Amino acid sequence: MLVEEQQFNKIESLAQGRYEQCTFTSCNLENSNFSNFRFIDCKFEFCNLSLIQTTNMGVQNCEFKDCKMVGVRFDQVNSFNISFTFHACILDHSSFQGMKIPQTQFIDCSLKDINFENCDCKKSIFDNCNLENSIFYRSNLDHVDFQTAFNYSFDPEFNAIKNAKFSLTGLPGLLRKHKIKIIGN
């Protein structure tokens with residue numbers, strides 16, 4: 001089923017299909033099974049997408065704004081042309097493990113307890129994001145902008161970080177394994 005240029009407001013279920021240039025507003029789709037769905041050039045605003053099933057779900061050029069997406073397995077999404085942006089979303093306890101998501105924008109997001117292991121985040125932006133307890137291990141973080149991100153902690157020795165940007169306040173998260181104290185204004 002192909003659905004194009006439709007607006008969905010306050011819905012609680014969705015028929016399997018291919019959705020192109022659709023807007024979803026204030027929808028509660030928590031625990032929905034989106035396996036084998038396709039979303040292309042879609043916008044999700046103020047939606048609850050927590051714990052959705054994502055096996056082979058297609059997500060191409062989609063925007064998520066002010067959405068709750070707790071416990072989402074993005075690592076099960078179809079990788080073909082995958083691209084998305086997140087603005088003011090809660091993505092806690094989700095997984096991007098092993099994914100190639102270069103140039104992804106995470107803006108004003110809660111990213112607590114996220115798995116970014118073996119993830120290619122090259123040139124991504126984490127603008128004003130809380131990365132508390134998130135895991136970066138063997139990840140490509142080259143050219144990633146962490147300047148305004150906070151609560152991150154990962155070992156630069158086990159991640160590619162060439163030309164990544166950090167603020168002085170973020171340095172303790174990069175040096176935690178050394179158990180040193182950084183004192184300053």
# chains A, B, ... in the order shown; residues from 1 in each chain; ligands from 1

call {"tool": "residues_around", "arguments": {"residues": "Gln97 in chain A", "least_positions_apart": "5", "cutoff": "7 Å", "atoms": "only C-alpha atoms", "output": "CSV table (one decimal) with C-alpha atoms, in the first residue's frame"}}
result
chain,number,residue,atom,x,y,z
A,75,ASP,CA,20.1,-1.3,14.5
A,115,ASN,CA,24.5,1.7,22.3
A,116,PHE,CA,26.7,3.3,19.6
A,117,GLU,CA,29.2,0.4,19.5
A,118,ASN,CA,30.8,-0.2,16.0
A,119,CYS,CA,28.8,2.7,14.7

call {"tool": "residues_around", "arguments": {"residues": "Ser124 in chain A", "least_positions_apart": "2", "cutoff": "9 Å", "atoms": "only C-alpha atoms", "output": "VMD selection string"}}
result
chain A and resid 101 to 106 121 to 122 126 141 to 146

call {"tool": "write_last_selection", "arguments": {"atoms": "C-alpha atoms", "output": "mmCIF file, in the first residue's frame"}}
result
data_model
loop_
_atom_site.group_PDB
_atom_site.id
_atom_site.type_symbol
_atom_site.label_atom_id
_atom_site.label_comp_id
_atom_site.auth_asym_id
_atom_site.auth_seq_id
_atom_site.Cartn_x
_atom_site.Cartn_y
_atom_site.Cartn_z
ATOM 1 C CA ILE A 101 24.673 6.926 10.141
ATOM 2 C CA PRO A 102 27.123 9.618 9.005
ATOM 3 C CA GLN A 103 26.043 13.256 9.177
ATOM 4 C CA THR A 104 23.119 12.504 11.474
ATOM 5 C CA GLN A 105 21.914 15.458 13.526
ATOM 6 C CA PHE A 106 20.912 14.941 17.146
ATOM 7 C CA CYS A 121 28.771 8.471 13.098
ATOM 8 C CA LYS A 122 31.285 10.385 10.985
ATOM 9 C CA PHE A 126 25.364 16.003 18.989
ATOM 10 C CA LEU A 141 33.584 9.596 15.436
ATOM 11 C CA ASP A 142 35.785 11.446 12.932
ATOM 12 C CA HIS A 143 34.642 15.049 12.488
ATOM 13 C CA VAL A 144 31.797 14.565 15.001
ATOM 14 C CA ASP A 145 30.715 17.711 16.854
ATOM 15 C CA PHE A 146 30.451 17.082 20.608
#

call {"tool": "select_by_dssp", "arguments": {"residues": "chain A", "states": "strand (DSSP E)", "output": "PyMOL selection string"}}
result
chain A and resi 2-4+7-9+18-20+23-25+38-40+43-45+58-60+62-65+84-87+105-107+125-127

call {"tool": "write_last_selection", "arguments": {"atoms": "C-alpha atoms", "output": "PDB file, in the first residue's frame"}}
result
ATOM      1  CA  LEU A   2       1.416   3.382  -1.006  1.00  0.00           C
ATOM      2  CA  VAL A   3       0.345   6.466   0.966  1.00  0.00           C
ATOM      3  CA  GLU A   4       1.583   9.863  -0.194  1.00  0.00           C
ATOM      4  CA  GLN A   7      -1.403  14.051   7.450  1.00  0.00           C
ATOM      5  CA  PHE A   8      -1.992  11.737  10.389  1.00  0.00           C
ATOM      6  CA  ASN A   9      -3.096  13.290  13.680  1.00  0.00           C
ATOM      7  CA  ARG A  18       5.006   2.670   2.135  1.00  0.00           C
ATOM      8  CA  TYR A  19       4.536   6.246   3.403  1.00  0.00           C
ATOM      9  CA  GLU A  20       6.038   9.085   1.390  1.00  0.00           C
ATOM     10  CA  THR A  23       3.330  14.016   8.467  1.00  0.00           C
ATOM     11  CA  PHE A  24       2.506  12.281  11.746  1.00  0.00           C
ATOM     12  CA  THR A  25       1.481  14.600  14.590  1.00  0.00           C
ATOM     13  CA  ARG A  38       8.812   2.202   4.524  1.00  0.00           C
ATOM     14  CA  PHE A  39       8.925   5.867   5.570  1.00  0.00           C
ATOM     15  CA  ILE A  40      10.382   8.247   2.979  1.00  0.00           C
ATOM     16  CA  LYS A  43       7.964  14.029   9.524  1.00  0.00           C
ATOM     17  CA  PHE A  44       7.036  12.829  13.006  1.00  0.00           C
ATOM     18  CA  GLU A  45       6.146  15.516  15.551  1.00  0.00           C
ATOM     19  CA  GLY A  58      12.890   1.624   5.834  1.00  0.00           C
ATOM     20  CA  VAL A  59      13.663   5.153   7.012  1.00  0.00           C
ATOM     21  CA  GLN A  60      14.872   7.583   4.371  1.00  0.00           C
ATOM     22  CA  CYS A  62      12.835  11.379   7.934  1.00  0.00           C
ATOM     23  CA  GLU A  63      12.623  14.028  10.650  1.00  0.00           C
ATOM     24  CA  PHE A  64      11.672  13.335  14.245  1.00  0.00           C
ATOM     25  CA  LYS A  65      10.806  16.332  16.403  1.00  0.00           C
ATOM     26  CA  PHE A  84      17.150  10.781   9.736  1.00  0.00           C
ATOM     27  CA  THR A  85      17.409  13.780  12.048  1.00  0.00           C
ATOM     28  CA  PHE A  86      16.284  14.091  15.649  1.00  0.00           C
ATOM     29  CA  HIS A  87      15.301  17.342  17.343  1.00  0.00           C
ATOM     30  CA  GLN A 105      21.914  15.458  13.526  1.00  0.00           C
ATOM     31  CA  PHE A 106      20.912  14.941  17.146  1.00  0.00           C
ATOM     32  CA  ILE A 107      19.762  18.308  18.501  1.00  0.00           C
ATOM     33  CA  ILE A 125      26.302  16.493  15.339  1.00  0.00           C
ATOM     34  CA  PHE A 126      25.364  16.003  18.989  1.00  0.00           C
ATOM     35  CA  ASP A 127      24.133  19.506  19.806  1.00  0.00           C
TER      36      ASP A 127
END

call {"tool": "residues_around", "arguments": {"residues": "Asn159 in chain A", "least_positions_apart": "4", "cutoff": "6 Å", "atoms": "only C-alpha atoms", "output": "list in words"}}
result
Tyr137, Arg138 and Ser139 of chain A

call {"tool": "residues_around", "arguments": {"residues": "range 167-169 of chain A", "least_positions_apart": "3", "cutoff": "9 Å", "atoms": "only C-alpha atoms", "output": "MDAnalysis selection string"}}
result
chainID A and resid 146:150 172:173

call {"tool": "write_last_selection", "arguments": {"atoms": "C-alpha atoms", "output": "compact mmCIF listing (two decimals), in the first residue's frame"}}
result
# COMPACT_ATOMS: atom_id res chain seq x y z
CA PHE A 146 30.45 17.08 20.61
CA GLN A 147 31.05 20.74 21.57
CA THR A 148 27.74 21.22 23.37
CA ALA A 149 27.05 17.57 24.25
CA PHE A 150 27.37 16.57 27.89
CA PRO A 172 36.75 14.64 31.84
CA GLY A 173 34.58 12.23 29.87

call {"tool": "closest_residue", "arguments": {"among": "A:Gln76, A:Ala160, A:Ile11, A:Leu111", "to": "Cys89 in chain A", "atoms": "only C-alpha atoms"}}
result
A:Leu111

call {"tool": "closest_residue", "arguments": {"among": "A:Ala15, A:Lys112, A:Cys42, A:Phe34", "to": "Phe74 in chain A", "atoms": "only C-alpha atoms"}}
result
A:Phe34

call {"tool": "atom_distance", "arguments": {"atom1": "CA of Asn128 in chain A", "atom2": "CA of Cys67 in chain A"}}
result
16.2 Å

call {"tool": "closest_residue", "arguments": {"among": "A:Asp108, A:Glu132, A:Glu5, A:Glu30", "to": "His93 in chain A", "atoms": "only C-alpha atoms"}}
result
A:Glu132

call {"tool": "closest_residue", "arguments": {"among": "A:Ile114, A:Ile161, A:Cys109, A:Ile135", "to": "Lys68 in chain A", "atoms": "only C-alpha atoms"}}
result
A:Cys109

call {"tool": "select_by_dssp", "arguments": {"residues": "chain A", "states": "alpha helix (DSSP H)", "output": "number ranges by chain"}}
result
A: 171-175

call {"tool": "residues_around", "arguments": {"residues": "Arg73 in chain A", "least_positions_apart": "6", "cutoff": "12 Å", "atoms": "only C-alpha atoms", "output": "list in words"}}
result
Asn31, Asn33, Phe34, Ser35, Leu49, Ser50, Leu51, Ile52, Gln53, Thr54, Thr55, Asn56, Met57, Leu91, Asp92, His93, Ser94, Ser95, Phe96, Gln97, Gly98, Met99, Ile114, Asn115 and Phe116 of chain A

call {"tool": "atom_distance", "arguments": {"atom1": "CA of Asn28 in chain A", "atom2": "CA of Ser13 in chain A"}}
result
7.9 Å

call {"tool": "atom_distance", "arguments": {"atom1": "CA of Leu29 in chain A", "atom2": "CA of Asn61 in chain A"}}
result
19.8 Å

call {"tool": "residues_around", "arguments": {"residues": "Ser110 in chain A", "least_positions_apart": "3", "cutoff": "6 Å", "atoms": "only C-alpha atoms", "output": "ChimeraX atom specification"}}
result
/A:90-91,129-130
